[in-house]
Amino acid sequence: MPQDKFYITTPIYYVNDVPHIGHAYTTIAADVVARYKRLEGYEVFFLTGTDEHGQKVQQAANDLSVSPKEHVDKLHQRFKELWVRLNISNSDFIRTTEERHKKLVRNILQELHSKDEIYRDSYEGWYCTPCERFWTEKDLAQGNCPECQRKVEKIKEHNYFFRMGKYQEWLIDRIKNDPHFILPASRRNEVLGFLDKPLEDLCISRPKSRLPWGIPLPFDEEYVTYVWFDALINYISIHGSLDDIKASGFWPADHNMVGKDILTTHAVYWSTMLKAIGLEPPKNIFAHGWWTVNGQKMSKSLQNVVEPNQLIDKFGVDVIRYFLLREVPFGLDGDFSHKALIGRLNSDLANNLGNLLNRTVNMMKKYCGGIIPTPATAGPEDEPLTTKAGEVIAEVRKLYGELAYNKILQKIWELVDTTNQYIDKTGPWNLAKTDEGKERLKTVMYNSAESLRVLGVLLNPFMPTSTESLMKQLGVETSIEEQGMESLSKWGGLQAGSQTQKAKQLFPRIEDKQAEKILAELAAPKEDNIDSQITIDEFMKVELKTGKILEAEKVKKSKKLIQLKVDIGTETRQVLAGIAESYKPEDLVGRTVIIVANLKPAKLMGIESQGMVLAASNDGKILLAGFDQEPGQGIQVR
Ligand code: MSP
């Protein structure tokens, strides 16, 4: 029988961002569902990736004097590497600069253009460069961008538009008729509120002259695709052509999981784009809340960004996966605190779950020689445990449909508590004292271990590594993936006769002293864990030298690059600088500049650059670094 298919996605992350717990949150949440559905026997496709076009990438690459492609090739690795560390089981990783993606974007644009779903018009609006968005006069917040509060510019230009407005009624009906489509319900109401106003057509192009780093429109190469129109298509470009997508069985997606900030782009832009393309909207778009830190938005300037890599080093992967999904109901905002994380680690994980495993495995060794016994006489105390297990399993299954992670975990912990109480009530240490008791002891020990196996399966999507270790300690050799949810269909899946292993703490407690030390370390980041700080030795590795510009000429076909010949005392270097919009080549000859002299040569537009010129860049204006007196050539700069 063919397996049922299940498709879940995360947003694709802006490649420029340093991955933080906000990004990790969406990805872990999607991973838990993907893993759970696999346990239910589905053929799962789980997609994540990076969003690599647009102004910010272009700007960052320019600032580093590298090509945008080189820049994204390097940066997207940070996400890939983090997902490996966080045990993310994605089926594929899509990058919007990949051929397979660009091809589908262009095909869709071509098709929509030929169906007159896309038209050309002149447009005048307020443009926010950092957000890459046009705003109308009434959108502005005190004359500034309503999203980032920065300055906006009035721009008038020709552009291409997608006839989004005509789908307004269809979309409202779709949302109203399908309560599962947009979740949570409060967010659905927000989208409906947004749709109370007339829905305008969507500007889907940017002139190449202003922003070259994007996918060229197939019907007008002077324009590139608006980054959101490009990015949203990632959810389907992974499956090939439109026909392939339909045939794949993976569309419509079961969940497009997003943060609340990007709900409108998904619920409105994406759904109407799909409608125009002739595909169904996703079955569900779920908008989760945001993490703040001490009530503030995470930002580099506030130095409060919580880096998942640092958390993994201090607490271990599974603790983080558990904490993020246990602490705050999915859909609501939450405030991150290391103290709360340590609290949950010590109470829920170490004291309750960890201790349950530890005492069970130790008693198994002491009273049953480390062999899982065949249960013998049943007693009235067994029933509450087996009933609770059945109830928890059924409830967990139901709660996955609502992505209610914290309730799922609360429910699972009811079974942890019931099992601990079962052991306390039945008292294996007393049973071991009499012959009659010894018979009963077999059942009690079997049931305790079986309950732990059930817990291992149920918790596996949240804590894949610790639950596999739990199974090993119980002597279960079949992997959890192989056992599946099916193995919970009736009590007694644990095989009697298996040999348990030595008890090992799954989650070592962090005692107060140690917690204080960890918190102090995290509060005062060391040089090696804050990527904006380097040591003096590291700085000394950069060889800065003065150099005199001997020749300067514009690089053909490039708006920004100037090719320089620079005398650095010992030799003449050919250096490319992205300064053509701020300097004329003829004004540069004779100037003394500062060169990074030991930079690995790199090719830009086919020309080798053997160094880098230092400059400041502010709002697109570039100023070369220089001296108030002539220092001479080849002088070291420190
Ligand atoms: N590139 C777009 C998405 C395109 S999808 C077709 C984007 N990228 S992002 O990197 O800025 O954000 C990606 C996701 O991270 C969003 O879902 C966003 O909500 C989430 N988070 C970013 N910061 C967050 C928190 N502080 N807390 C929780 N999630 C947050 O938007």
# chains A, B, ... in the order shown; residues from 1 in each chain; ligands from 1
$ residues_around --residues "range 34-38 of chain A" --least-positions-apart "4" --cutoff "12 Å" --atoms "only C-alpha atoms" --output "short mmCIF file (atom, residue, chain, number, x, y, z; two decimals) with all heavy atoms, in the first residue's frame"
data_model
loop_
_atom_site.label_atom_id
_atom_site.label_comp_id
_atom_site.auth_asym_id
_atom_site.auth_seq_id
_atom_site.Cartn_x
_atom_site.Cartn_y
_atom_site.Cartn_z
N GLN A 3 2.32 4.77 0.94
CA GLN A 3 2.24 5.49 2.21
C GLN A 3 1.53 6.82 2.02
O GLN A 3 1.65 7.43 0.95
CB GLN A 3 3.67 5.84 2.64
CG GLN A 3 4.35 4.81 3.47
CD GLN A 3 5.78 5.26 3.71
OE1 GLN A 3 6.55 5.43 2.77
NE2 GLN A 3 6.12 5.48 4.96
N ASP A 4 0.81 7.28 3.03
CA ASP A 4 0.25 8.63 2.96
C ASP A 4 1.39 9.63 3.02
O ASP A 4 2.40 9.39 3.68
CB ASP A 4 -0.68 8.86 4.16
CG ASP A 4 -2.01 8.17 3.92
OD1 ASP A 4 -2.36 7.94 2.75
OD2 ASP A 4 -2.69 7.86 4.92
N LYS A 5 1.19 10.76 2.33
CA LYS A 5 2.27 11.74 2.28
C LYS A 5 1.99 12.92 3.18
O LYS A 5 0.82 13.28 3.39
CB LYS A 5 2.46 12.22 0.85
CG LYS A 5 2.89 11.08 -0.04
CD LYS A 5 3.34 11.54 -1.39
CE LYS A 5 3.85 10.33 -2.16
NZ LYS A 5 4.41 10.65 -3.43
N PHE A 6 3.04 13.48 3.68
CA PHE A 6 2.91 14.61 4.58
C PHE A 6 4.03 15.61 4.25
O PHE A 6 5.18 15.23 4.12
CB PHE A 6 3.04 14.13 6.04
CG PHE A 6 2.89 15.22 7.05
CD1 PHE A 6 1.63 15.59 7.49
CD2 PHE A 6 4.00 15.88 7.55
CE1 PHE A 6 1.48 16.60 8.44
CE2 PHE A 6 3.86 16.89 8.48
CZ PHE A 6 2.59 17.24 8.93
N TYR A 7 3.65 16.88 4.12
CA TYR A 7 4.63 17.89 3.71
C TYR A 7 4.60 19.07 4.68
O TYR A 7 3.54 19.66 4.91
CB TYR A 7 4.31 18.34 2.28
CG TYR A 7 5.28 19.34 1.69
CD1 TYR A 7 6.62 19.39 2.10
CD2 TYR A 7 4.88 20.22 0.70
CE1 TYR A 7 7.50 20.30 1.55
CE2 TYR A 7 5.75 21.14 0.13
CZ TYR A 7 7.06 21.18 0.57
OH TYR A 7 7.93 22.09 0.03
N ILE A 8 5.73 19.37 5.24
CA ILE A 8 5.83 20.50 6.18
C ILE A 8 7.03 21.37 5.81
O ILE A 8 8.06 20.86 5.38
CB ILE A 8 5.92 19.99 7.64
CG1 ILE A 8 5.86 21.19 8.61
CG2 ILE A 8 7.15 19.14 7.91
CD1 ILE A 8 5.51 20.81 10.03
N THR A 9 6.86 22.68 5.97
CA THR A 9 7.95 23.60 5.60
C THR A 9 8.21 24.60 6.72
O THR A 9 7.32 24.90 7.51
CB THR A 9 7.58 24.41 4.34
OG1 THR A 9 6.49 25.28 4.67
CG2 THR A 9 7.20 23.53 3.18
N THR A 10 9.42 25.12 6.73
CA THR A 10 9.73 26.30 7.56
C THR A 10 9.86 27.47 6.59
O THR A 10 10.01 27.24 5.38
CB THR A 10 11.09 26.18 8.29
OG1 THR A 10 12.14 26.35 7.32
CG2 THR A 10 11.24 24.84 8.98
N THR A 27 12.28 25.99 13.15
CA THR A 27 12.84 24.79 12.53
C THR A 27 12.67 23.58 13.45
O THR A 27 12.31 22.48 12.99
CB THR A 27 14.32 25.02 12.19
OG1 THR A 27 14.42 26.29 11.58
CG2 THR A 27 14.85 23.98 11.24
N ILE A 28 12.87 23.77 14.74
CA ILE A 28 12.69 22.66 15.68
C ILE A 28 11.21 22.25 15.70
O ILE A 28 10.87 21.07 15.67
CB ILE A 28 13.17 23.04 17.10
CG1 ILE A 28 14.68 23.25 17.11
CG2 ILE A 28 12.76 21.98 18.12
CD1 ILE A 28 15.22 23.85 18.40
N ALA A 29 10.33 23.26 15.72
CA ALA A 29 8.89 22.96 15.76
C ALA A 29 8.49 22.12 14.55
O ALA A 29 7.77 21.13 14.67
CB ALA A 29 8.09 24.26 15.81
N ALA A 30 8.98 22.51 13.38
CA ALA A 30 8.65 21.75 12.17
C ALA A 30 9.27 20.35 12.24
O ALA A 30 8.66 19.36 11.84
CB ALA A 30 9.13 22.49 10.93
N TYR A 42 3.89 7.98 7.97
CA TYR A 42 3.74 8.79 6.76
C TYR A 42 5.06 8.89 6.00
O TYR A 42 6.14 8.81 6.59
CB TYR A 42 3.33 10.23 7.13
CG TYR A 42 1.88 10.36 7.51
CD1 TYR A 42 1.45 9.98 8.78
CD2 TYR A 42 0.95 10.85 6.61
CE1 TYR A 42 0.12 10.10 9.14
CE2 TYR A 42 -0.39 10.97 6.97
CZ TYR A 42 -0.79 10.59 8.23
OH TYR A 42 -2.10 10.70 8.58
N GLU A 43 4.94 9.12 4.71
CA GLU A 43 6.12 9.49 3.93
C GLU A 43 6.21 11.01 4.05
O GLU A 43 5.36 11.75 3.55
CB GLU A 43 5.92 9.09 2.46
CG GLU A 43 7.15 9.38 1.63
CD GLU A 43 6.90 9.13 0.14
OE1 GLU A 43 5.89 8.50 -0.24
OE2 GLU A 43 7.73 9.60 -0.65
N VAL A 44 7.23 11.46 4.76
CA VAL A 44 7.30 12.88 5.11
C VAL A 44 8.30 13.61 4.24
O VAL A 44 9.40 13.11 3.98
CB VAL A 44 7.71 13.02 6.61
CG1 VAL A 44 8.01 14.47 6.96
CG2 VAL A 44 6.62 12.45 7.50
N PHE A 45 7.91 14.79 3.78
CA PHE A 45 8.88 15.68 3.15
C PHE A 45 8.94 16.93 4.02
O PHE A 45 7.93 17.55 4.30
CB PHE A 45 8.44 16.05 1.73
CG PHE A 45 9.59 16.51 0.89
CD1 PHE A 45 10.24 15.64 0.03
CD2 PHE A 45 10.06 17.82 1.00
CE1 PHE A 45 11.33 16.06 -0.71
CE2 PHE A 45 11.16 18.23 0.26
CZ PHE A 45 11.79 17.35 -0.61
N PHE A 46 10.13 17.23 4.47
CA PHE A 46 10.31 18.37 5.39
C PHE A 46 11.34 19.29 4.76
O PHE A 46 12.48 18.91 4.54
CB PHE A 46 10.74 17.82 6.76
CG PHE A 46 11.28 18.84 7.72
CD1 PHE A 46 10.97 20.20 7.64
CD2 PHE A 46 12.12 18.43 8.75
CE1 PHE A 46 11.48 21.12 8.54
CE2 PHE A 46 12.64 19.34 9.67
CZ PHE A 46 12.32 20.68 9.56
N LEU A 47 10.89 20.51 4.49
CA LEU A 47 11.75 21.44 3.75
C LEU A 47 12.11 22.67 4.56
O LEU A 47 11.28 23.28 5.23
CB LEU A 47 11.01 21.90 2.48
CG LEU A 47 11.80 22.84 1.57
CD1 LEU A 47 13.01 22.13 0.97
CD2 LEU A 47 10.93 23.40 0.46
N THR A 48 13.38 23.04 4.48
CA THR A 48 13.84 24.33 5.00
C THR A 48 14.86 24.86 3.99
O THR A 48 15.17 24.19 3.01
CB THR A 48 14.42 24.18 6.42
OG1 THR A 48 14.71 25.49 6.93
CG2 THR A 48 15.69 23.35 6.47
N ASN A 87 20.01 18.55 15.18
CA ASN A 87 19.38 17.27 14.85
C ASN A 87 18.11 17.45 14.02
O ASN A 87 17.11 16.77 14.24
CB ASN A 87 18.98 16.58 16.16
CG ASN A 87 19.63 15.23 16.25
OD1 ASN A 87 19.83 14.59 15.21
ND2 ASN A 87 19.94 14.80 17.45
N ILE A 88 18.16 18.37 13.08
CA ILE A 88 16.99 18.65 12.25
C ILE A 88 16.97 17.62 11.11
O ILE A 88 17.98 17.45 10.42
CB ILE A 88 17.06 20.10 11.70
CG1 ILE A 88 17.13 21.11 12.85
CG2 ILE A 88 15.88 20.38 10.76
CD1 ILE A 88 15.98 21.11 13.80
N SER A 89 15.81 17.02 10.89
CA SER A 89 15.76 15.90 9.94
C SER A 89 15.16 16.33 8.60
O SER A 89 14.31 15.64 8.06
CB SER A 89 14.92 14.77 10.54
OG SER A 89 13.59 15.24 10.72
N ASN A 90 15.57 17.52 8.11
CA ASN A 90 14.97 18.00 6.86
C ASN A 90 15.30 17.08 5.69
O ASN A 90 16.39 16.50 5.62
CB ASN A 90 15.42 19.44 6.56
CG ASN A 90 16.91 19.64 6.63
OD1 ASN A 90 17.53 19.30 7.61
ND2 ASN A 90 17.47 20.17 5.57
N SER A 91 14.35 16.98 4.75
CA SER A 91 14.52 16.10 3.60
C SER A 91 15.38 16.77 2.53
O SER A 91 16.00 16.10 1.71
CB SER A 91 13.18 15.77 2.96
OG SER A 91 12.20 15.57 3.92
N ASP A 254 0.90 20.25 4.08
CA ASP A 254 0.06 20.12 5.28
C ASP A 254 0.23 21.32 6.21
O ASP A 254 -0.72 21.79 6.80
CB ASP A 254 0.42 18.83 6.01
CG ASP A 254 0.01 17.63 5.17
OD1 ASP A 254 -1.12 17.18 5.32
OD2 ASP A 254 0.81 17.20 4.30
N HIS A 255 1.48 21.78 6.33
CA HIS A 255 1.72 22.99 7.12
C HIS A 255 2.79 23.84 6.45
O HIS A 255 3.89 23.35 6.22
CB HIS A 255 2.26 22.68 8.52
CG HIS A 255 1.34 21.92 9.38
ND1 HIS A 255 0.21 22.46 9.94
CD2 HIS A 255 1.39 20.63 9.82
CE1 HIS A 255 -0.39 21.54 10.69
NE2 HIS A 255 0.30 20.42 10.61
N MET A 257 4.73 26.50 8.01
CA MET A 257 4.90 27.05 9.35
C MET A 257 5.66 28.37 9.26
O MET A 257 6.70 28.42 8.60
CB MET A 257 5.70 26.04 10.14
CG MET A 257 5.44 26.09 11.59
SD MET A 257 6.29 24.72 12.34
CE MET A 257 4.96 23.64 12.68
N VAL A 396 -2.23 12.90 22.80
CA VAL A 396 -1.07 13.43 22.09
C VAL A 396 -1.35 13.45 20.58
O VAL A 396 -1.11 14.44 19.89
CB VAL A 396 0.20 12.60 22.41
CG1 VAL A 396 1.31 12.86 21.42
CG2 VAL A 396 0.68 12.90 23.83
N ARG A 397 -1.89 12.36 20.08
CA ARG A 397 -2.22 12.26 18.65
C ARG A 397 -3.13 13.41 18.24
O ARG A 397 -2.96 14.03 17.20
CB ARG A 397 -2.91 10.94 18.35
CG ARG A 397 -1.94 9.78 18.28
CD ARG A 397 -2.66 8.56 17.72
NE ARG A 397 -1.74 7.69 17.03
CZ ARG A 397 -1.62 6.38 17.28
NH1 ARG A 397 -2.36 5.81 18.21
NH2 ARG A 397 -0.78 5.66 16.58
N LEU A 399 -3.57 16.31 19.80
CA LEU A 399 -2.95 17.63 19.98
C LEU A 399 -1.96 17.98 18.87
O LEU A 399 -1.71 19.15 18.61
CB LEU A 399 -2.27 17.70 21.35
CG LEU A 399 -3.24 17.75 22.54
CD1 LEU A 399 -2.49 17.49 23.85
CD2 LEU A 399 -3.95 19.11 22.60
N TYR A 400 -1.39 16.96 18.22
CA TYR A 400 -0.49 17.25 17.10
C TYR A 400 -1.24 17.98 15.99
O TYR A 400 -0.68 18.83 15.31
CB TYR A 400 0.15 15.97 16.54
CG TYR A 400 1.51 15.71 17.13
CD1 TYR A 400 1.72 14.67 18.02
CD2 TYR A 400 2.61 16.51 16.79
CE1 TYR A 400 2.97 14.42 18.57
CE2 TYR A 400 3.87 16.27 17.33
CZ TYR A 400 4.03 15.23 18.22
OH TYR A 400 5.28 15.01 18.75
N GLY A 401 -2.52 17.66 15.83
CA GLY A 401 -3.34 18.33 14.80
C GLY A 401 -3.42 19.82 15.04
O GLY A 401 -3.58 20.60 14.10
N LEU A 403 -0.95 21.50 16.65
CA LEU A 403 0.43 21.92 16.92
C LEU A 403 0.57 22.49 18.32
O LEU A 403 1.27 23.48 18.55
CB LEU A 403 0.92 22.94 15.88
CG LEU A 403 0.89 22.49 14.42
CD1 LEU A 403 1.46 23.57 13.52
CD2 LEU A 403 1.70 21.21 14.22
N TYR A 405 2.24 22.06 21.07
CA TYR A 405 3.41 21.35 21.62
C TYR A 405 3.44 21.36 23.15
O TYR A 405 3.78 20.37 23.76
CB TYR A 405 4.71 21.98 21.12
CG TYR A 405 4.86 21.96 19.63
CD1 TYR A 405 4.52 23.07 18.87
CD2 TYR A 405 5.37 20.84 18.98
CE1 TYR A 405 4.66 23.07 17.50
CE2 TYR A 405 5.52 20.82 17.60
CZ TYR A 405 5.16 21.94 16.87
OH TYR A 405 5.30 21.93 15.52
N ILE A 408 1.08 18.95 24.49
CA ILE A 408 1.54 17.57 24.24
C ILE A 408 2.53 17.18 25.34
O ILE A 408 2.43 16.11 25.95
CB ILE A 408 2.22 17.45 22.85
CG1 ILE A 408 1.20 17.69 21.73
CG2 ILE A 408 2.93 16.11 22.69
CD1 ILE A 408 1.77 17.70 20.33
N VAL A 457 9.01 6.60 22.97
CA VAL A 457 8.44 6.78 21.62
C VAL A 457 7.76 8.14 21.53
O VAL A 457 7.98 8.91 20.59
CB VAL A 457 7.45 5.64 21.28
CG1 VAL A 457 6.79 5.90 19.93
CG2 VAL A 457 8.16 4.29 21.27
N LEU A 458 6.94 8.47 22.55
CA LEU A 458 6.20 9.73 22.49
C LEU A 458 7.13 10.95 22.50
O LEU A 458 6.85 11.96 21.88
CB LEU A 458 5.24 9.84 23.69
CG LEU A 458 4.04 8.89 23.71
CD1 LEU A 458 3.24 9.09 24.99
CD2 LEU A 458 3.13 9.13 22.49
N LEU A 459 8.24 10.81 23.22
CA LEU A 459 9.13 11.97 23.34
C LEU A 459 10.18 12.04 22.25
O LEU A 459 10.88 13.05 22.10
CB LEU A 459 9.84 11.95 24.70
CG LEU A 459 8.97 12.41 25.86
CD1 LEU A 459 9.68 12.16 27.19
CD2 LEU A 459 8.62 13.89 25.72
N ASN A 460 10.29 10.97 21.47
CA ASN A 460 11.35 10.92 20.46
C ASN A 460 11.35 12.12 19.51
O ASN A 460 12.41 12.67 19.22
CB ASN A 460 11.25 9.59 19.71
CG ASN A 460 12.24 9.51 18.58
OD1 ASN A 460 11.91 9.69 17.42
ND2 ASN A 460 13.49 9.28 18.94
N PRO A 461 10.19 12.58 19.00
CA PRO A 461 10.25 13.73 18.10
C PRO A 461 10.86 14.97 18.76
O PRO A 461 11.52 15.77 18.10
CB PRO A 461 8.77 13.97 17.74
CG PRO A 461 8.10 12.66 17.97
CD PRO A 461 8.83 12.04 19.12
N PHE A 462 10.67 15.11 20.06
CA PHE A 462 11.20 16.29 20.76
C PHE A 462 12.67 16.10 21.11
O PHE A 462 13.46 17.03 21.04
CB PHE A 462 10.42 16.53 22.06
CG PHE A 462 8.99 16.94 21.83
CD1 PHE A 462 7.98 16.00 21.69
CD2 PHE A 462 8.67 18.29 21.73
CE1 PHE A 462 6.67 16.39 21.46
CE2 PHE A 462 7.37 18.69 21.51
CZ PHE A 462 6.36 17.74 21.37
N MET A 463 13.01 14.89 21.56
CA MET A 463 14.37 14.67 22.06
C MET A 463 14.95 13.40 21.44
O MET A 463 15.04 12.34 22.10
CB MET A 463 14.32 14.57 23.59
CG MET A 463 13.78 15.86 24.21
SD MET A 463 13.94 15.94 25.98
CE MET A 463 12.56 14.96 26.47
N PRO A 464 15.32 13.48 20.17
CA PRO A 464 15.71 12.25 19.46
C PRO A 464 16.90 11.54 20.08
O PRO A 464 16.90 10.31 20.15
CB PRO A 464 16.06 12.74 18.04
CG PRO A 464 15.74 14.19 17.98
CD PRO A 464 15.37 14.67 19.34
N ILE A 480 13.66 3.65 17.46
CA ILE A 480 12.32 4.19 17.73
C ILE A 480 11.56 4.38 16.41
O ILE A 480 10.37 4.13 16.32
CB ILE A 480 12.42 5.50 18.54
CG1 ILE A 480 13.03 5.19 19.90
CG2 ILE A 480 11.04 6.15 18.68
CD1 ILE A 480 13.27 6.36 20.80
N GLU A 481 12.29 4.78 15.38
CA GLU A 481 11.63 4.96 14.09
C GLU A 481 10.97 3.65 13.64
O GLU A 481 9.85 3.64 13.14
CB GLU A 481 12.62 5.48 13.04
CG GLU A 481 11.92 5.82 11.76
CD GLU A 481 12.61 6.93 10.97
OE1 GLU A 481 13.64 7.44 11.42
OE2 GLU A 481 12.09 7.25 9.89
N GLU A 482 11.68 2.56 13.87
CA GLU A 482 11.11 1.25 13.49
C GLU A 482 9.94 0.84 14.38
O GLU A 482 8.98 0.25 13.92
CB GLU A 482 12.19 0.17 13.61
CG GLU A 482 12.80 -0.26 12.29
CD GLU A 482 13.89 -1.26 12.57
OE1 GLU A 482 15.03 -0.81 12.88
OE2 GLU A 482 13.61 -2.47 12.53
N GLN A 483 10.05 1.16 15.65
CA GLN A 483 8.93 0.82 16.56
C GLN A 483 7.68 1.59 16.17
O GLN A 483 6.60 1.04 16.06
CB GLN A 483 9.30 1.16 18.00
CG GLN A 483 10.43 0.33 18.57
CD GLN A 483 10.69 0.74 20.02
OE1 GLN A 483 9.83 0.64 20.87
NE2 GLN A 483 11.90 1.20 20.29
N GLY A 484 7.84 2.90 15.95
CA GLY A 484 6.74 3.74 15.49
C GLY A 484 5.62 3.87 16.50
O GLY A 484 5.61 3.21 17.55
N MET A 485 4.65 4.69 16.17
CA MET A 485 3.48 4.89 17.03
C MET A 485 2.66 3.59 17.09
O MET A 485 1.97 3.33 18.06
CB MET A 485 2.61 6.04 16.53
CG MET A 485 3.21 7.41 16.72
SD MET A 485 3.40 7.90 18.46
CE MET A 485 1.71 8.22 18.92
N GLU A 486 2.77 2.81 16.04
CA GLU A 486 2.08 1.53 15.96
C GLU A 486 2.40 0.65 17.18
O GLU A 486 1.54 -0.05 17.70
CB GLU A 486 2.53 0.85 14.64
CG GLU A 486 2.08 -0.56 14.38
CD GLU A 486 0.56 -0.67 14.30
OE1 GLU A 486 -0.08 0.33 13.95
OE2 GLU A 486 0.05 -1.77 14.62
#
$ closest_atom_pairs --of "range 474-529 of chain A" --to "range 445-451 of chain A" --cutoff "9 Å" --atoms "only C-alpha atoms" --output "tab-separated table"
residue	atom	partner	partner_atom	distance
A:Leu474	CA	A:Ala449	CA	6.9
A:Trp491	CA	A:Glu450	CA	7.7
A:Gly492	CA	A:Glu450	CA	6.5
A:Gly493	CA	A:Glu450	CA	7.2
A:Leu494	CA	A:Glu450	CA	5.6
A:Gln495	CA	A:Glu450	CA	8.9
A:Ala496	CA	A:Tyr446	CA	7.8
$ closest_residue --among "A:Gly22, A:Pro601, A:Gly606, A:Pro375" --to "ligand 1" --atoms "only C-alpha atoms and all ligand atoms"
A:Gly22
$ select_by_dssp --residues "range 323-572 of chain A" --states "strand (DSSP E)" --output "number ranges by chain"
A: 334-336, 544-554, 562-567, 572
$ closest_atom_pairs --of "chain A" --to "ligand 1" --cutoff "7 Å" --atoms "only C-alpha atoms and all ligand atoms" --output "JSON lines"
{"residue": "A:Pro11", "atom": "CA", "partner": "ligand 1", "partner_atom_place_in_ligand_line": "5 (S)", "distance": 3.9}
{"residue": "A:Ile12", "atom": "CA", "partner": "ligand 1", "partner_atom_place_in_ligand_line": "5 (S)", "distance": 4.6}
{"residue": "A:Tyr13", "atom": "CA", "partner": "ligand 1", "partner_atom_place_in_ligand_line": "10 (O)", "distance": 3.6}
{"residue": "A:Tyr14", "atom": "CA", "partner": "ligand 1", "partner_atom_place_in_ligand_line": "10 (O)", "distance": 4.2}
{"residue": "A:Asp17", "atom": "CA", "partner": "ligand 1", "partner_atom_place_in_ligand_line": "10 (O)", "distance": 6.4}
{"residue": "A:Ile21", "atom": "CA", "partner": "ligand 1", "partner_atom_place_in_ligand_line": "27 (N)", "distance": 6.8}
{"residue": "A:Gly22", "atom": "CA", "partner": "ligand 1", "partner_atom_place_in_ligand_line": "28 (C)", "distance": 3.6}
{"residue": "A:His23", "atom": "CA", "partner": "ligand 1", "partner_atom_place_in_ligand_line": "15 (O)", "distance": 4.3}
{"residue": "A:Tyr25", "atom": "CA", "partner": "ligand 1", "partner_atom_place_in_ligand_line": "28 (C)", "distance": 6.2}
{"residue": "A:Thr26", "atom": "CA", "partner": "ligand 1", "partner_atom_place_in_ligand_line": "17 (O)", "distance": 6.4}
{"residue": "A:Asp51", "atom": "CA", "partner": "ligand 1", "partner_atom_place_in_ligand_line": "1 (N)", "distance": 5.0}
{"residue": "A:Trp228", "atom": "CA", "partner": "ligand 1", "partner_atom_place_in_ligand_line": "6 (C)", "distance": 6.5}
{"residue": "A:Ala231", "atom": "CA", "partner": "ligand 1", "partner_atom_place_in_ligand_line": "6 (C)", "distance": 4.5}
{"residue": "A:Leu232", "atom": "CA", "partner": "ligand 1", "partner_atom_place_in_ligand_line": "6 (C)", "distance": 3.9}
{"residue": "A:Asn234", "atom": "CA", "partner": "ligand 1", "partner_atom_place_in_ligand_line": "6 (C)", "distance": 6.7}
{"residue": "A:Val258", "atom": "CA", "partner": "ligand 1", "partner_atom_place_in_ligand_line": "17 (O)", "distance": 4.2}
{"residue": "A:Gly259", "atom": "CA", "partner": "ligand 1", "partner_atom_place_in_ligand_line": "19 (O)", "distance": 3.1}
{"residue": "A:Lys260", "atom": "CA", "partner": "ligand 1", "partner_atom_place_in_ligand_line": "19 (O)", "distance": 5.7}
{"residue": "A:Asp261", "atom": "CA", "partner": "ligand 1", "partner_atom_place_in_ligand_line": "19 (O)", "distance": 5.4}
{"residue": "A:Ile262", "atom": "CA", "partner": "ligand 1", "partner_atom_place_in_ligand_line": "31 (O)", "distance": 6.0}
{"residue": "A:Gly289", "atom": "CA", "partner": "ligand 1", "partner_atom_place_in_ligand_line": "28 (C)", "distance": 6.0}
{"residue": "A:Trp290", "atom": "CA", "partner": "ligand 1", "partner_atom_place_in_ligand_line": "27 (N)", "distance": 3.5}
{"residue": "A:Trp291", "atom": "CA", "partner": "ligand 1", "partner_atom_place_in_ligand_line": "27 (N)", "distance": 3.8}
{"residue": "A:Thr292", "atom": "CA", "partner": "ligand 1", "partner_atom_place_in_ligand_line": "26 (N)", "distance": 5.8}
{"residue": "A:Lys297", "atom": "CA", "partner": "ligand 1", "partner_atom_place_in_ligand_line": "26 (N)", "distance": 6.5}
{"residue": "A:Met298", "atom": "CA", "partner": "ligand 1", "partner_atom_place_in_ligand_line": "26 (N)", "distance": 6.0}
$ select_by_dssp --residues "range 328-373 of chain A" --states "helix (DSSP H, G or I)" --output "PyMOL selection string"
chain A and resi 338-368
$ residues_around --residues "Phe219 in chain A" --least-positions-apart "2" --cutoff "7 Å" --atoms "only C-alpha atoms" --output "ChimeraX atom specification"
/A:110,217,221
$ residues_around --residues "Ile155 in chain A" --least-positions-apart "2" --cutoff "10 Å" --atoms "only C-alpha atoms" --output "number ranges by chain"
A: 123-128, 134, 152-153, 157-158
$ write_last_selection --atoms "C-alpha atoms" --output "tab-separated table (two decimals), in the first residue's frame"
chain	number	residue	atom	x	y	z
A	123	TYR	CA	4.00	53.28	-10.05
A	124	GLU	CA	4.65	55.94	-7.55
A	125	GLY	CA	5.14	55.13	-3.94
A	126	TRP	CA	7.29	55.48	-0.86
A	127	TYR	CA	10.08	52.94	-0.96
A	128	CYS	CA	11.94	51.60	2.03
A	134	PHE	CA	6.73	50.13	-1.28
A	152	VAL	CA	11.63	56.21	2.88
A	153	GLU	CA	12.11	57.69	-0.58
A	157	GLU	CA	8.98	54.03	-11.98
A	158	HIS	CA	7.49	51.43	-14.27
$ residues_around --residues "Glu571 in chain A" --least-positions-apart "3" --cutoff "12 Å" --atoms "only C-alpha atoms" --output "JSON, numbers by chain"
{"A": [545, 546, 547, 548, 550, 565, 566, 567, 568, 574, 597, 610, 633, 634]}
$ residues_around --residues "Glu81 in chain A" --least-positions-apart "4" --cutoff "12 Å" --atoms "only C-alpha atoms" --output "ChimeraX atom specification"
/A:19,24,49,74-77,85-88,93,308-309
$ residues_around --residues "Ile562 in chain A" --least-positions-apart "6" --cutoff "7 Å" --atoms "only C-alpha atoms" --output "PyMOL selection string"
chain A and resi 552-555+576-580
